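File shown here: target18.txt, holding compact mmCIF, C-alpha atoms and all ligand atoms.
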# COMPACT_ATOMS: atom_id res chain seq x y z
CA MET A 1 -35.86 52.01 -66.79
CA ASN A 2 -33.45 50.66 -64.20
CA LEU A 3 -32.41 47.25 -65.41
CA ARG A 4 -30.47 44.94 -63.12
CA ALA A 5 -27.27 43.27 -64.28
CA ILE A 6 -27.42 39.55 -63.56
CA LEU A 7 -24.82 36.92 -64.45
CA HIS A 8 -25.33 33.18 -64.41
CA VAL A 9 -22.09 31.21 -64.23
CA ASP A 10 -21.86 27.47 -64.81
CA MET A 11 -18.68 25.40 -64.98
CA ASP A 12 -18.57 23.25 -68.13
CA ALA A 13 -18.82 19.48 -67.46
CA PHE A 14 -17.51 20.28 -63.99
CA TYR A 15 -16.48 16.94 -62.41
CA ALA A 16 -15.18 15.59 -65.72
CA SER A 17 -13.20 18.78 -66.41
CA VAL A 18 -11.58 18.64 -62.96
CA GLU A 19 -10.49 15.04 -63.68
CA GLN A 20 -9.11 15.94 -67.11
CA HIS A 21 -7.30 18.89 -65.59
CA ASP A 22 -5.75 16.88 -62.74
CA PHE A 23 -4.88 13.92 -65.02
CA PRO A 24 -3.61 15.41 -68.30
CA GLN A 25 -3.37 11.94 -69.91
CA TRP A 26 -7.22 11.95 -70.00
CA ARG A 27 -7.58 15.23 -71.86
CA GLY A 28 -9.35 15.01 -75.22
CA LEU A 29 -10.74 11.57 -74.37
CA PRO A 30 -14.28 10.47 -73.51
CA LEU A 31 -14.46 10.36 -69.72
CA ILE A 32 -17.38 9.56 -67.42
CA VAL A 33 -17.61 10.40 -63.73
CA GLY A 34 -20.17 8.41 -61.81
CA GLY A 35 -21.05 5.38 -59.71
CA LEU A 36 -19.13 2.38 -60.98
CA GLY A 37 -21.32 -0.28 -59.33
CA SER A 38 -24.01 -2.23 -61.14
CA ARG A 39 -26.60 0.41 -60.28
CA GLY A 40 -24.38 3.46 -60.79
CA VAL A 41 -25.44 6.47 -62.82
CA VAL A 42 -23.49 9.10 -64.75
CA ALA A 43 -22.81 12.22 -62.65
CA THR A 44 -20.99 14.18 -65.37
CA CYS A 45 -19.20 13.28 -68.56
CA SER A 46 -16.70 15.08 -70.76
CA TYR A 47 -17.83 16.69 -74.01
CA GLU A 48 -15.94 13.93 -75.85
CA ALA A 49 -18.28 11.37 -74.23
CA ARG A 50 -21.38 13.48 -74.94
CA ARG A 51 -20.76 12.98 -78.64
CA PHE A 52 -21.61 9.31 -78.09
CA GLY A 53 -24.95 10.23 -76.50
CA VAL A 54 -23.80 9.87 -72.91
CA HIS A 55 -25.38 12.35 -70.48
CA SER A 56 -25.91 12.99 -66.76
CA ALA A 57 -28.29 10.67 -64.88
CA LEU A 58 -27.92 7.93 -67.51
CA PRO A 59 -27.41 4.46 -65.94
CA MET A 60 -23.72 3.60 -66.09
CA ALA A 61 -24.44 0.31 -67.89
CA ALA A 62 -26.14 2.19 -70.73
CA ALA A 63 -23.31 4.71 -70.87
CA ARG A 64 -20.78 1.88 -71.22
CA ARG A 65 -22.74 0.41 -74.11
CA LEU A 66 -22.86 3.79 -75.88
CA CYS A 67 -19.18 4.49 -75.35
CA PRO A 68 -17.19 1.35 -74.40
CA GLN A 69 -13.85 3.12 -74.72
CA ALA A 70 -14.75 5.82 -72.14
CA ILE A 71 -12.53 6.28 -69.10
CA LEU A 72 -14.67 5.64 -66.01
CA VAL A 73 -13.87 7.58 -62.85
CA LYS A 74 -15.37 7.54 -59.36
CA PRO A 75 -16.30 11.05 -58.12
CA ARG A 76 -13.79 12.79 -55.81
CA MET A 77 -16.19 15.14 -54.06
CA ALA A 78 -13.61 16.64 -51.71
CA ARG A 79 -11.53 17.75 -54.70
CA TYR A 80 -14.58 19.22 -56.50
CA ALA A 81 -15.55 21.11 -53.34
CA GLU A 82 -12.03 22.54 -53.16
CA VAL A 83 -12.22 23.81 -56.74
CA SER A 84 -15.73 25.10 -56.04
CA ARG A 85 -14.48 27.20 -53.12
CA ALA A 86 -11.82 28.77 -55.35
CA VAL A 87 -14.38 29.57 -58.04
CA PHE A 88 -16.88 31.06 -55.59
CA ALA A 89 -14.10 33.22 -54.11
CA LEU A 90 -13.66 34.70 -57.61
CA PHE A 91 -17.42 35.31 -57.88
CA ASN A 92 -17.27 37.13 -54.55
CA ASP A 93 -14.53 39.40 -55.92
CA ALA A 94 -17.08 40.67 -58.45
CA THR A 95 -20.01 41.15 -56.06
CA PRO A 96 -21.19 40.13 -52.58
CA LEU A 97 -24.54 39.14 -54.15
CA VAL A 98 -23.72 35.55 -55.07
CA GLU A 99 -26.43 32.90 -54.93
CA GLY A 100 -25.01 29.41 -55.31
CA LEU A 101 -27.21 26.82 -57.03
CA SER A 102 -24.77 23.94 -56.75
CA LEU A 103 -21.01 23.39 -56.43
CA ASP A 104 -20.41 24.80 -59.90
CA GLU A 105 -23.29 27.13 -60.67
CA ALA A 106 -24.35 30.53 -59.32
CA PHE A 107 -26.27 33.70 -59.97
CA LEU A 108 -24.42 36.99 -59.46
CA ASP A 109 -26.11 40.37 -59.20
CA VAL A 110 -23.46 42.77 -60.49
CA THR A 111 -25.72 45.82 -60.84
CA ALA A 112 -23.74 47.80 -58.26
CA SER A 113 -20.35 46.54 -59.48
CA GLN A 114 -20.57 48.20 -62.87
CA ARG A 115 -19.14 51.57 -61.85
CA LEU A 116 -15.99 49.87 -60.60
CA LEU A 117 -15.67 46.87 -62.93
CA GLY A 118 -17.29 47.95 -66.21
CA THR A 119 -20.20 46.62 -68.24
CA PRO A 120 -21.88 43.33 -67.29
CA LEU A 121 -20.33 41.72 -70.37
CA ALA A 122 -16.87 42.95 -69.36
CA ILE A 123 -17.36 41.60 -65.83
CA ALA A 124 -18.46 38.26 -67.28
CA ALA A 125 -15.40 38.08 -69.53
CA LYS A 126 -13.17 38.91 -66.58
CA ILE A 127 -14.73 36.14 -64.49
CA LYS A 128 -14.19 33.61 -67.27
CA GLN A 129 -10.57 34.67 -67.56
CA ARG A 130 -9.93 34.53 -63.79
CA VAL A 131 -11.63 31.11 -63.47
CA ARG A 132 -9.35 29.78 -66.19
CA GLU A 133 -6.22 31.32 -64.65
CA VAL A 134 -6.95 30.07 -61.13
CA THR A 135 -8.44 26.63 -61.85
CA GLY A 136 -7.47 25.85 -65.44
CA LEU A 137 -11.14 25.18 -66.18
CA ALA A 138 -13.71 26.63 -68.57
CA CYS A 139 -17.04 28.04 -67.52
CA SER A 140 -19.98 29.52 -69.40
CA VAL A 141 -21.45 32.85 -68.39
CA GLY A 142 -24.87 34.16 -69.32
CA VAL A 143 -25.51 37.89 -69.01
CA SER A 144 -28.87 39.61 -68.84
CA HIS A 145 -31.13 41.69 -66.61
CA ASN A 146 -32.86 38.86 -64.78
CA LYS A 147 -32.30 35.29 -63.62
CA TRP A 148 -34.39 33.56 -66.27
CA LEU A 149 -32.66 35.24 -69.21
CA ALA A 150 -29.18 34.98 -67.66
CA LYS A 151 -29.52 31.23 -67.15
CA LEU A 152 -30.94 30.81 -70.64
CA ALA A 153 -27.99 32.80 -72.02
CA THR A 154 -25.61 30.37 -70.32
CA GLU A 155 -27.38 27.37 -71.85
CA LEU A 156 -27.37 28.95 -75.30
CA GLY A 157 -23.67 29.83 -75.07
CA LYS A 158 -22.30 26.52 -73.78
CA PRO A 159 -19.55 25.29 -73.83
CA ASP A 160 -17.00 27.97 -72.92
CA GLY A 161 -19.79 30.45 -73.60
CA LEU A 162 -20.19 34.15 -73.11
CA PHE A 163 -23.61 35.27 -74.27
CA GLU A 164 -25.72 38.29 -73.45
CA ILE A 165 -29.46 38.66 -73.80
CA THR A 166 -30.28 42.37 -74.00
CA GLU A 167 -33.46 44.36 -74.39
CA ALA A 168 -32.55 44.59 -78.08
CA ASN A 169 -32.07 40.89 -78.90
CA ARG A 170 -34.46 39.49 -76.26
CA GLN A 171 -37.42 38.58 -78.46
CA THR A 172 -35.23 37.43 -81.37
CA VAL A 173 -33.61 34.97 -78.96
CA LEU A 174 -36.75 33.91 -77.08
CA ASP A 175 -39.41 33.68 -79.78
CA PRO A 176 -38.15 30.66 -81.77
CA LEU A 177 -37.33 28.50 -78.71
CA SER A 178 -39.59 25.60 -77.85
CA VAL A 179 -41.92 26.11 -74.86
CA GLY A 180 -40.09 23.34 -72.98
CA ARG A 181 -37.13 25.71 -72.49
CA LEU A 182 -39.16 27.99 -70.23
CA TRP A 183 -38.28 28.05 -66.57
CA THR A 184 -40.93 26.07 -64.58
CA VAL A 185 -42.18 24.24 -67.68
CA GLY A 186 -41.56 20.53 -67.26
CA LYS A 187 -42.31 17.66 -69.61
CA VAL A 188 -45.99 17.40 -68.68
CA THR A 189 -46.75 21.11 -69.08
CA ALA A 190 -44.77 21.23 -72.32
CA GLN A 191 -46.86 18.38 -73.73
CA LYS A 192 -50.08 20.09 -72.65
CA LEU A 193 -48.98 23.34 -74.29
CA GLU A 194 -47.90 21.64 -77.50
CA ALA A 195 -51.14 19.69 -77.72
CA ALA A 196 -52.98 23.02 -77.51
CA GLY A 197 -50.89 24.43 -80.36
CA TYR A 198 -48.35 26.42 -78.35
CA ARG A 199 -45.03 25.10 -79.62
CA ARG A 200 -42.67 28.04 -79.51
CA ILE A 201 -42.24 30.84 -77.00
CA VAL A 202 -43.62 33.32 -79.52
CA ASP A 203 -46.90 31.35 -79.52
CA LEU A 204 -47.21 31.93 -75.77
CA ARG A 205 -46.27 35.56 -76.06
CA LEU A 206 -48.99 36.24 -78.63
CA ALA A 207 -51.62 33.96 -77.05
CA SER A 208 -54.73 35.46 -75.55
CA ALA A 209 -54.55 35.26 -71.76
CA SER A 210 -57.93 33.58 -71.47
CA ALA A 211 -57.14 30.91 -74.06
CA LEU A 212 -53.83 30.13 -72.36
CA ALA A 213 -55.51 30.05 -68.95
CA ARG A 214 -57.78 27.27 -70.22
CA VAL A 215 -54.66 25.15 -70.83
CA VAL A 216 -52.46 25.94 -67.82
CA GLY A 217 -54.78 27.72 -65.37
CA ASN A 218 -53.18 30.35 -63.18
CA GLN A 219 -49.73 29.61 -64.56
CA HIS A 220 -50.59 31.59 -67.71
CA ARG A 221 -49.45 34.89 -66.18
CA LEU A 222 -46.05 33.54 -65.22
CA LEU A 223 -45.60 31.90 -68.64
CA GLN A 224 -46.48 35.06 -70.54
CA ASP A 225 -44.14 37.08 -68.31
CA LEU A 226 -41.32 34.65 -69.08
CA ALA A 227 -42.19 34.66 -72.78
CA ASN A 228 -41.76 38.45 -72.66
CA GLY A 229 -38.46 38.07 -70.81
CA VAL A 230 -39.88 39.32 -67.49
CA ASP A 231 -38.67 37.77 -64.21
CA ALA A 232 -38.50 39.76 -60.96
CA ARG A 233 -36.89 37.10 -58.74
CA PRO A 234 -34.04 38.63 -56.76
CA VAL A 235 -30.56 37.15 -56.36
CA ILE A 236 -30.46 36.05 -52.72
CA ALA A 237 -26.90 36.05 -51.45
CA ASP A 238 -25.87 32.85 -49.67
CA ARG A 239 -24.61 34.81 -46.74
CA GLU A 240 -27.96 36.52 -46.26
CA GLU A 241 -30.45 35.26 -43.72
CA LYS A 242 -32.33 32.13 -44.65
CA SER A 243 -35.27 33.13 -42.51
CA MET A 244 -36.95 36.44 -41.80
CA GLY A 245 -38.72 37.33 -38.64
CA ALA A 246 -39.87 40.00 -36.23
CA GLU A 247 -40.32 39.92 -32.50
CA THR A 248 -41.25 42.26 -29.73
CA THR A 249 -40.57 42.34 -25.99
CA PHE A 250 -43.32 43.72 -23.79
CA SER A 251 -42.53 46.14 -20.97
CA ALA A 252 -45.27 44.52 -18.91
CA ASP A 253 -46.27 40.87 -19.32
CA LEU A 254 -49.32 40.43 -21.53
CA ARG A 255 -52.15 38.42 -19.95
CA ALA A 256 -55.09 39.19 -22.27
CA LEU A 257 -55.36 36.91 -25.30
CA SER A 258 -57.01 39.67 -27.36
CA GLU A 259 -53.99 41.89 -26.85
CA VAL A 260 -51.55 39.11 -27.74
CA ARG A 261 -53.50 38.38 -30.92
CA ALA A 262 -53.36 42.03 -31.93
CA TRP A 263 -49.57 41.96 -31.53
CA LEU A 264 -49.38 38.71 -33.43
CA LEU A 265 -51.23 40.26 -36.38
CA LYS A 266 -48.90 43.23 -36.31
CA LEU A 267 -45.82 40.98 -36.39
CA CYS A 268 -47.31 38.88 -39.21
CA GLU A 269 -47.91 42.05 -41.21
CA LYS A 270 -44.34 43.15 -40.67
CA VAL A 271 -42.81 39.82 -41.73
CA SER A 272 -45.09 39.23 -44.69
CA GLU A 273 -44.70 42.78 -45.98
CA ARG A 274 -40.93 42.37 -45.88
CA ALA A 275 -41.15 39.01 -47.62
CA ARG A 276 -43.31 40.46 -50.37
CA ARG A 277 -41.03 43.45 -50.80
CA HIS A 278 -38.16 41.01 -51.48
CA GLY A 279 -40.28 38.76 -53.69
CA ILE A 280 -39.81 35.90 -51.24
CA SER A 281 -42.13 33.25 -49.83
CA GLY A 282 -41.58 30.83 -46.98
CA ARG A 283 -42.69 27.32 -46.26
CA VAL A 284 -42.34 27.15 -42.48
CA LEU A 285 -43.89 29.56 -39.98
CA THR A 286 -42.60 29.68 -36.41
CA ILE A 287 -43.97 31.60 -33.46
CA LYS A 288 -41.77 32.27 -30.47
CA LEU A 289 -43.33 32.65 -27.03
CA ARG A 290 -41.48 33.69 -23.91
CA SER A 291 -43.29 33.42 -20.55
CA PRO A 292 -42.04 35.03 -17.35
CA PRO A 293 -39.54 34.69 -15.90
CA PHE A 294 -37.61 33.46 -18.99
CA VAL A 295 -39.09 30.32 -20.55
CA THR A 296 -38.90 30.42 -24.32
CA GLU A 297 -40.87 28.03 -26.51
CA THR A 298 -41.53 27.82 -30.22
CA ARG A 299 -44.40 26.37 -32.21
CA GLN A 300 -44.07 25.60 -35.88
CA CYS A 301 -46.21 24.83 -38.89
CA ARG A 302 -45.13 23.72 -42.35
CA TRP A 303 -47.27 24.48 -45.39
CA ASP A 304 -47.38 22.44 -48.57
CA GLU A 305 -46.74 25.55 -50.67
CA PRO A 306 -44.63 28.61 -49.83
CA ALA A 307 -46.64 31.61 -48.69
CA ASN A 308 -46.25 35.31 -47.92
CA ALA A 309 -49.82 36.60 -47.61
CA THR A 310 -50.48 38.35 -44.29
CA GLN A 311 -53.79 36.61 -43.81
CA GLN A 312 -52.31 33.17 -44.27
CA LEU A 313 -49.39 33.86 -41.94
CA TYR A 314 -51.76 35.23 -39.33
CA ALA A 315 -54.31 32.39 -39.62
CA THR A 316 -51.56 29.83 -39.00
CA ALA A 317 -49.78 31.82 -36.29
CA ASP A 318 -53.06 32.47 -34.51
CA ARG A 319 -53.96 28.78 -34.51
CA LEU A 320 -50.56 27.93 -32.99
CA LEU A 321 -50.97 30.67 -30.41
CA GLN A 322 -54.46 29.58 -29.38
CA VAL A 323 -53.37 25.99 -28.80
CA TRP A 324 -50.40 27.13 -26.72
CA TRP A 325 -52.55 29.59 -24.76
CA GLN A 326 -55.30 27.07 -23.96
CA GLY A 327 -52.76 24.57 -22.69
CA ARG A 328 -51.72 26.89 -19.86
CA ALA A 329 -53.33 27.55 -16.46
CA ASP A 330 -52.11 31.13 -16.19
CA PRO A 331 -50.76 32.20 -19.60
CA ALA A 332 -48.62 35.33 -19.78
CA LEU A 333 -46.17 36.56 -22.38
CA ARG A 334 -43.04 38.62 -22.10
CA LEU A 335 -41.97 38.25 -25.72
CA LEU A 336 -43.70 37.28 -28.95
CA GLY A 337 -42.05 36.55 -32.29
CA VAL A 338 -43.01 35.39 -35.78
CA SER A 339 -40.63 34.10 -38.42
CA LEU A 340 -40.78 32.63 -41.89
CA ALA A 341 -38.19 30.05 -43.00
CA TYR A 342 -37.37 27.73 -45.89
CA LEU A 343 -37.51 30.82 -48.05
CA SER A 344 -37.68 30.65 -51.79
CA ALA A 345 -37.62 33.41 -54.32
CA ALA A 346 -40.51 31.91 -56.24
CA PRO A 347 -43.64 33.99 -56.03
CA ALA A 348 -46.37 32.63 -53.78
CA PRO A 349 -48.97 30.86 -55.89
CA ALA A 350 -51.98 33.10 -56.36
CA SER A 351 -54.15 30.05 -56.83
CA TRP A 352 -54.47 28.89 -53.25
CA PHE A 353 -57.79 30.27 -52.15
CA GLY A 354 -58.30 32.93 -54.79
CA ASP A 355 -58.46 36.20 -52.96
CA ALA A 356 -59.64 34.55 -49.77
CA LEU A 357 -56.01 35.16 -48.79
CA GLY A 358 -56.48 38.88 -49.10
CA GLN A 359 -53.65 39.22 -51.62
CA ASP A 360 -55.28 42.23 -53.26
CA GLN A 361 -55.55 43.82 -49.84
CA ASP A 362 -51.83 43.04 -49.29
CA ARG A 363 -50.85 44.66 -52.57
CA ILE A 364 -52.80 47.82 -51.77
CA ALA A 365 -51.37 47.99 -48.26
CA ASP A 366 -47.82 47.43 -49.53
CA ALA A 367 -48.17 50.12 -52.19
CA LEU A 368 -49.53 52.69 -49.74
CA ASN A 369 -46.92 51.86 -47.14
CA ARG A 370 -44.18 52.22 -49.73
CA ARG A 371 -45.48 55.56 -50.92
CA PHE A 372 -46.46 57.15 -47.63
CA GLY A 373 -44.27 55.33 -45.13
CA ALA A 374 -44.63 52.10 -43.21
CA GLY A 375 -47.76 51.82 -41.12
CA THR A 376 -50.03 53.97 -43.31
CA LEU A 377 -52.51 51.19 -43.87
CA LYS A 378 -52.90 48.59 -41.17
CA ARG A 379 -55.64 46.18 -40.44
CA ALA A 380 -58.00 47.56 -37.81
CA ARG A 381 -57.21 44.85 -35.29
CA SER A 382 -53.47 45.52 -35.11
CA LEU A 383 -54.13 49.16 -34.18
CA SER A 384 -54.81 48.07 -30.61
CA ALA A 385 -51.23 46.79 -30.36
CA ARG A 386 -49.15 49.70 -29.18
CA GLU A 387 -45.39 49.88 -29.52
CA ASP A 388 -43.68 50.10 -26.19
MG MG B 1 -22.06 22.82 -64.73
Could you render the structure as structure tokens?
Ligand SMILES: [Mg+2]
Amino acid sequence: MNLRAILHVDMDAFYASVEQHDFPQWRGLPLIVGGLGSRGVVATCSYEARRFGVHSALPMAAARRLCPQAILVKPRMARYAEVSRAVFALFNDATPLVEGLSLDEAFLDVTASQRLLGTPLAIAAKIKQRVREVTGLACSVGVSHNKWLAKLATELGKPDGLFEITEANRQTVLDPLSVGRLWTVGKVTAQKLEAAGYRRIVDLRLASASALARVVGNQHRLLQDLANGVDARPVIADREEKSMGAETTFSADLRALSEVRAWLLKLCEKVSERARRHGISGRVLTIKLRSPPFVTETRQCRWDEPANATQQLYATADRLLQVWWQGRADPALRLLGVSLAYLSAAPAPASWFGDALGQDQDRIADALNRRFGAGTLKRARSLSARED
């Protein structure tokens, strides 16, 4: 089994810690960073203030009542961004695969760094040490083999934490936690689950799939995967492309709509197969159309839910193409492109139209193409599109 090595790093009480670092007279005291006006809310507070029940997003007036002696500070975003850049530079020393979640929080895929830098736990300890040396601040690091467990490990280790969830301790850690701790489970879902008798993660793990499906519908697969510590989402480096696309230039201008549609299907297959291979979905589909001599236009459609199924990409792209085509007296194309943007690593919901989307067909095609080389299984229509 080839397990990945994923770290989740989160600065402890970030804004408040920067203030206490820059102004030593505030160290060890309750301190609140946030809007000071009548409608202000708490952005971050020091651990000393948390003991009084103060927390992020609390209205400032309530925070003042809970802890009247707290030092109140207006955020200095430029300073926090400066510290953030220094911290992210340290992350990038450990691996190029850094996915920032906010100024002070990131996922790092250190799978390939191990030969050079040691075990994931050793890399995590080194990062903590370097962050403290360079910024004077504490962070918590969670170590595991996927994003869900790494982030959970950070939460369980805070503050100044260093905690690893391994194959060996995974179920011991997960089983007793309340279902509300699961990634994607919000208040409403947690209440639904608890009302149905699923209180702890172990209850979900041991539940029958059909019984759980009656409570949460299609989400039951995801929840049972998470309950078993399974999460395939990749770490997507910030410097990587935020859209993925494919385009082709024709040696002779295309003037037959049927031929253009065949190419469009081929491009949709290419983009969606790549998206699925990376476990990525996109929310916005764009087609690019270049007419002779050199007029480039784009047409775009935004879906309510991210998608990566070939059939859905093609249905949308085809509709955009048809409208463009019909609006022209003498349509001709020199270049055609398809791209998917607003990418997210979340899996596309399987619930949309059941298998009307052809997701089973996609899975079979992807598997065959992986095993026997790209292009083994293609939809019949795209076969009429020849590479030039
Ligand atoms: Mg933080």
Proximity of chain A to ligand MG 1 (chain B): per-residue shortest pair, 7 Å limit, all atoms listed in the file, as a Markdown table:
| residue | atom | partner | partner_atom | distance |
| --- | --- | --- | --- | --- |
| A:Asp10 | CA | B:MG1 | MG | 4.7 |
| A:Met11 | CA | B:MG1 | MG | 4.3 |
| A:Asp12 | CA | B:MG1 | MG | 4.9 |
| A:Ala13 | CA | B:MG1 | MG | 5.4 |
| A:Phe14 | CA | B:MG1 | MG | 5.3 |
| A:Asp104 | CA | B:MG1 | MG | 5.5 |
| A:Glu105 | CA | B:MG1 | MG | 6.0 |
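Of the listed residues A:Gln312, A:Met244, A:Asp238, A:Gly279, the one whose atoms come nearest to Leu265 of chain A is A:Gln312, with distances taken using all atoms listed in the file.
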* Might you pull out every residue within 8 Å of segment 52-64 of chain A, with all atoms listed in the file counted and same-chain residues fewer than 3 positions away left off, and present them as a VMD selection string? => chain A and resid 34 to 36 38 to 45 48 to 49 67 to 70
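From atom CA of Arg277 of chain A back to atom CA of Asn308 of chain A, the distance works out to 10.1 Å.
Residue nearest Tyr80 of chain A, chosen from A:Ser208, A:Gln191, A:Ser17, A:Gln25 and counting only C-alpha atoms: A:Ser17.
Residues in contact with Asp318 of chain A at up to 10 Å, not including ones fewer than 6 positions away on its chain and judged by only C-alpha atoms, are Val260, Arg261, Ala262, Leu264, Leu265, Cys268, Ile287, Gln312 and Trp324 of chain A.
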Output C-alpha atoms for every residue in that selection, as a compact mmCIF listing (two decimals), keeping the file's coordinate frame.
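Below is the file result27.txt, written as the result:
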# COMPACT_ATOMS: atom_id res chain seq x y z
CA VAL A 260 -51.55 39.11 -27.74
CA ARG A 261 -53.50 38.38 -30.92
CA ALA A 262 -53.36 42.03 -31.93
CA LEU A 264 -49.38 38.71 -33.43
CA LEU A 265 -51.23 40.26 -36.38
CA CYS A 268 -47.31 38.88 -39.21
CA ILE A 287 -43.97 31.60 -33.46
CA GLN A 312 -52.31 33.17 -44.27
CA TRP A 324 -50.40 27.13 -26.72
* Structure fact -> What separates atom CA of Ala275 of chain A and atom CA of Asp231 of chain A is a distance of 16.8 Å
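Straight-line separation from atom CA of Lys147 of chain A to atom CA of Arg50 of chain A: 26.9 Å.
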Using all atoms listed in the file, tabulate the residues of segment 133-194 of chain A lying at most 12 Å from any atom of segment 84-103 of chain A, each with its closest atom pair and that distance in Å to one decimal, by chain and increasing residue number, as a Markdown table.
| residue | atom | partner | partner_atom | distance |
| --- | --- | --- | --- | --- |
| A:Glu133 | CA | A:Val87 | CA | 10.6 |
| A:Val134 | CA | A:Ala86 | CA | 7.7 |
| A:Thr135 | CA | A:Ala86 | CA | 7.6 |
| A:Gly136 | CA | A:Val87 | CA | 10.8 |
| A:Leu137 | CA | A:Val87 | CA | 9.8 |
| A:Ala138 | CA | A:Val87 | CA | 11.0 |
| A:Cys139 | CA | A:Val87 | CA | 10.0 |
| A:Val141 | CA | A:Phe91 | CA | 11.5 |
| A:Lys147 | CA | A:Glu99 | CA | 10.8 |
| A:Lys151 | CA | A:Leu101 | CA | 11.3 |
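Using only C-alpha atoms for every distance, the candidate list A:Val235, A:Ala252, A:Leu321, A:Ile6 yields A:Ile6 as the residue closest to Thr154 of chain A.
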* Please work out which residues fall within 8 Å of (-46.5, 26.2, -48.8), coordinates as given in the file, with only C-alpha atoms counting, and return them as an NGL selection string. => :A and (282-284 or 302-307)
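For Thr111 of chain A, the list of residues within 10 Å, based on all atoms listed in the file and with local chain neighbours fewer than 6 positions off taken out, reads Asn2, Leu3, Arg4, Ala5, Ile6, Leu7, Thr95, Leu97, Thr119, Pro120 and His145 of chain A.
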* Asked: Using all atoms listed in the file, which residue out of A:Cys301, A:Val271, A:Pro293, A:Ile123 lies closest to Val338 of chain A?
  -> A:Val271
